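J.: Handing you a structure now.
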Amino acid sequence: MKFLLDENLPSYYSEVFCIDNNHESFHVSDYRLTNTPDEVIRLFAQENGFIIVTFDLDFSRLAALNNETKPSILTFRTSKMSKTFLKAFVEDHLSELIPYLEAGATVTVDDRKIRIKQLPF
């Protein structure tokens with residue numbers, strides 16, 4: 001799996017997703033996509049097989065508008081966000097989310113639960 005972190009997350013968070021050799025993770029800055037419209041990032045992720053990791057709802061809105069199955073989106077809506085929290089989340093939950101993310105889904109993580117919606121909506 002390949003993850004693309006949105007610019008609203010620090011670039012050093014990308015290493016958290018590289019938990020084994022089956023995952024790669026990059027930040028939008030690695031592709032010079034900072035300050036780029038979300039639709040351009042969405043298309044880049046779709047064309048290059050990335051799952052978008054973000055802290056806002058813009059990509060989920062775009063997924064609903066475009067009625068497509070890819071790219072999958074992993075959105076964090078937590079009150080606290082840290083590398084420690086993200087690492088614990090990845091270790092505890094990523095393996096169970098992989099089938100949904102591979103098929104095409106939006107996964108939203110908040111302080112109380114994880115919501116999964118298959119794409120397209």
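So you can find residues: chains in the structure tokens are A, B, ... in the order shown, residues in each start at 1, and ligands are numbered from 1 in order.
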Find the residues around A:Lys83 up to 10 Å (only C-alpha atoms counted), leave out those fewer than 2 positions away in its own chain, and share them as an MDAnalysis selection string.
T.: chainID A and resid 9:10 12:16 81 85:89
J.: Looking only at the backbone, which of the residues in chain A does DSSP tag as alpha helix (DSSP H), as a count of residues only?
T.: 41
J.: How would you write, as a PyMOL selection string, the set of residues in chain A that DSSP gives as strand (DSSP E or B)?
T.: chain A and resi 2-5+24-27+50-54+73-77+105-110+114-118
J.: Please save N, CA and C atoms of the selected residues as a PDB file, in the first residue's frame.
T.:
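See again34.pdb below for the written result:
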ATOM      1  N   LYS A   2       0.352   2.269  -0.643  1.00  0.00           N
ATOM      2  CA  LYS A   2       1.057   3.537  -0.699  1.00  0.00           C
ATOM      3  C   LYS A   2       0.171   4.615  -0.089  1.00  0.00           C
ATOM      4  N   PHE A   3       0.729   5.354   0.849  1.00  0.00           N
ATOM      5  CA  PHE A   3       0.006   6.414   1.529  1.00  0.00           C
ATOM      6  C   PHE A   3       0.582   7.762   1.127  1.00  0.00           C
ATOM      7  N   LEU A   4      -0.315   8.734   0.958  1.00  0.00           N
ATOM      8  CA  LEU A   4       0.078  10.101   0.651  1.00  0.00           C
ATOM      9  C   LEU A   4      -0.516  11.011   1.717  1.00  0.00           C
ATOM     10  N   LEU A   5       0.334  11.618   2.529  1.00  0.00           N
ATOM     11  CA  LEU A   5      -0.120  12.489   3.608  1.00  0.00           C
ATOM     12  C   LEU A   5      -0.345  13.898   3.094  1.00  0.00           C
ATOM     13  N   GLU A  24       4.396   1.909   1.705  1.00  0.00           N
ATOM     14  CA  GLU A  24       5.221   3.074   1.427  1.00  0.00           C
ATOM     15  C   GLU A  24       4.417   4.299   1.828  1.00  0.00           C
ATOM     16  N   SER A  25       5.090   5.339   2.243  1.00  0.00           N
ATOM     17  CA  SER A  25       4.385   6.531   2.657  1.00  0.00           C
ATOM     18  C   SER A  25       5.176   7.770   2.261  1.00  0.00           C
ATOM     19  N   PHE A  26       4.436   8.751   1.758  1.00  0.00           N
ATOM     20  CA  PHE A  26       5.043   9.992   1.300  1.00  0.00           C
ATOM     21  C   PHE A  26       4.184  11.156   1.754  1.00  0.00           C
ATOM     22  N   HIS A  27       4.776  12.305   1.763  1.00  0.00           N
ATOM     23  CA  HIS A  27       4.068  13.542   2.081  1.00  0.00           C
ATOM     24  C   HIS A  27       3.885  14.309   0.776  1.00  0.00           C
ATOM     25  N   PHE A  50      -2.286   5.869  -4.605  1.00  0.00           N
ATOM     26  CA  PHE A  50      -2.109   6.271  -3.213  1.00  0.00           C
ATOM     27  C   PHE A  50      -3.422   6.245  -2.446  1.00  0.00           C
ATOM     28  N   ILE A  51      -3.310   6.063  -1.143  1.00  0.00           N
ATOM     29  CA  ILE A  51      -4.384   6.306  -0.195  1.00  0.00           C
ATOM     30  C   ILE A  51      -4.067   7.645   0.454  1.00  0.00           C
ATOM     31  N   ILE A  52      -5.024   8.556   0.464  1.00  0.00           N
ATOM     32  CA  ILE A  52      -4.802   9.875   1.037  1.00  0.00           C
ATOM     33  C   ILE A  52      -5.031   9.812   2.542  1.00  0.00           C
ATOM     34  N   VAL A  53      -4.094  10.390   3.280  1.00  0.00           N
ATOM     35  CA  VAL A  53      -4.218  10.524   4.740  1.00  0.00           C
ATOM     36  C   VAL A  53      -4.317  12.015   5.026  1.00  0.00           C
ATOM     37  N   THR A  54      -5.369  12.414   5.756  1.00  0.00           N
ATOM     38  CA  THR A  54      -5.624  13.836   5.948  1.00  0.00           C
ATOM     39  C   THR A  54      -6.237  14.103   7.314  1.00  0.00           C
ATOM     40  N   ILE A  73      -9.528   7.193   1.294  1.00  0.00           N
ATOM     41  CA  ILE A  73      -9.170   8.340   2.125  1.00  0.00           C
ATOM     42  C   ILE A  73      -9.227   7.925   3.586  1.00  0.00           C
ATOM     43  N   LEU A  74      -8.166   8.205   4.295  1.00  0.00           N
ATOM     44  CA  LEU A  74      -8.092   7.968   5.730  1.00  0.00           C
ATOM     45  C   LEU A  74      -8.046   9.337   6.407  1.00  0.00           C
ATOM     46  N   THR A  75      -9.153   9.696   7.073  1.00  0.00           N
ATOM     47  CA  THR A  75      -9.301  11.017   7.665  1.00  0.00           C
ATOM     48  C   THR A  75      -9.280  10.923   9.182  1.00  0.00           C
ATOM     49  N   PHE A  76      -8.446  11.722   9.790  1.00  0.00           N
ATOM     50  CA  PHE A  76      -8.389  11.797  11.248  1.00  0.00           C
ATOM     51  C   PHE A  76      -9.123  13.049  11.695  1.00  0.00           C
ATOM     52  N   ARG A  77     -10.094  12.884  12.593  1.00  0.00           N
ATOM     53  CA  ARG A  77     -10.875  13.990  13.150  1.00  0.00           C
ATOM     54  C   ARG A  77     -10.772  13.955  14.672  1.00  0.00           C
ATOM     55  N   ALA A 105     -12.510   3.102  -0.055  1.00  0.00           N
ATOM     56  CA  ALA A 105     -13.341   3.502   1.077  1.00  0.00           C
ATOM     57  C   ALA A 105     -12.854   4.815   1.659  1.00  0.00           C
ATOM     58  N   THR A 106     -13.749   5.448   2.385  1.00  0.00           N
ATOM     59  CA  THR A 106     -13.340   6.531   3.265  1.00  0.00           C
ATOM     60  C   THR A 106     -13.379   5.968   4.676  1.00  0.00           C
ATOM     61  N   VAL A 107     -12.315   6.163   5.402  1.00  0.00           N
ATOM     62  CA  VAL A 107     -12.219   5.733   6.788  1.00  0.00           C
ATOM     63  C   VAL A 107     -12.010   6.993   7.614  1.00  0.00           C
ATOM     64  N   THR A 108     -12.924   7.242   8.538  1.00  0.00           N
ATOM     65  CA  THR A 108     -12.847   8.429   9.375  1.00  0.00           C
ATOM     66  C   THR A 108     -12.628   7.995  10.817  1.00  0.00           C
ATOM     67  N   VAL A 109     -11.598   8.542  11.421  1.00  0.00           N
ATOM     68  CA  VAL A 109     -11.226   8.210  12.793  1.00  0.00           C
ATOM     69  C   VAL A 109     -11.475   9.437  13.649  1.00  0.00           C
ATOM     70  N   ASP A 110     -12.341   9.291  14.661  1.00  0.00           N
ATOM     71  CA  ASP A 110     -12.514  10.378  15.613  1.00  0.00           C
ATOM     72  C   ASP A 110     -12.185   9.867  17.011  1.00  0.00           C
ATOM     73  N   ILE A 114     -14.256   4.478  14.679  1.00  0.00           N
ATOM     74  CA  ILE A 114     -13.753   4.438  13.309  1.00  0.00           C
ATOM     75  C   ILE A 114     -14.960   4.165  12.419  1.00  0.00           C
ATOM     76  N   ARG A 115     -15.213   5.047  11.442  1.00  0.00           N
ATOM     77  CA  ARG A 115     -16.317   4.862  10.516  1.00  0.00           C
ATOM     78  C   ARG A 115     -15.763   4.512   9.137  1.00  0.00           C
ATOM     79  N   ILE A 116     -16.359   3.521   8.509  1.00  0.00           N
ATOM     80  CA  ILE A 116     -15.925   3.073   7.186  1.00  0.00           C
ATOM     81  C   ILE A 116     -17.097   3.191   6.231  1.00  0.00           C
ATOM     82  N   LYS A 117     -16.875   3.847   5.101  1.00  0.00           N
ATOM     83  CA  LYS A 117     -17.885   3.939   4.043  1.00  0.00           C
ATOM     84  C   LYS A 117     -17.241   3.491   2.750  1.00  0.00           C
ATOM     85  N   GLN A 118     -17.835   2.505   2.122  1.00  0.00           N
ATOM     86  CA  GLN A 118     -17.328   2.033   0.829  1.00  0.00           C
ATOM     87  C   GLN A 118     -17.565   3.100  -0.228  1.00  0.00           C
TER      88      GLN A 118
END
J.: Can you tell me how far atom CA of A:Thr36 sits from atom CA of A:Glu7, in Å to one decimal?
T.: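 These two atoms are separated by 9.3 Å.
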J.: What does the distance between atom CA of A:Glu39 and atom CA of A:Leu97 come to in Å, to one decimal place?
T.: 24.1 Å
J.: State, in Å with one decimal place, the distance from atom CA of A:Phe121 to atom CA of A:Arg42.
T.: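 Computing the Euclidean distance for atom CA of A:Phe121 and atom CA of A:Arg42 yields 16.2 Å.
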J.: Choose the residue, out of A:Ala103, A:Asp111, A:Ile19, A:Pro71, that has the smallest atom-to-atom separation from A:Ala45; count only C-alpha atoms.
T.: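 Once distances to A:Ala45 are computed over only C-alpha atoms, the minimum belongs to A:Pro71.
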J.: So, counting only C-alpha atoms, which residue among A:Phe55, A:Gly104, A:Asn35, A:Val40 is closest to A:Ser82?
T.: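 Residue with the minimum atom-to-atom distance to A:Ser82: A:Phe55.
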J.: In terms of the shortest atom-to-atom distance over only C-alpha atoms, which of A:Arg112, A:Val90, A:Cys18, A:Asn8 is closest to A:Thr78?
T.: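 Nearest candidate to A:Thr78 out of A:Arg112, A:Val90, A:Cys18, A:Asn8: A:Arg112.
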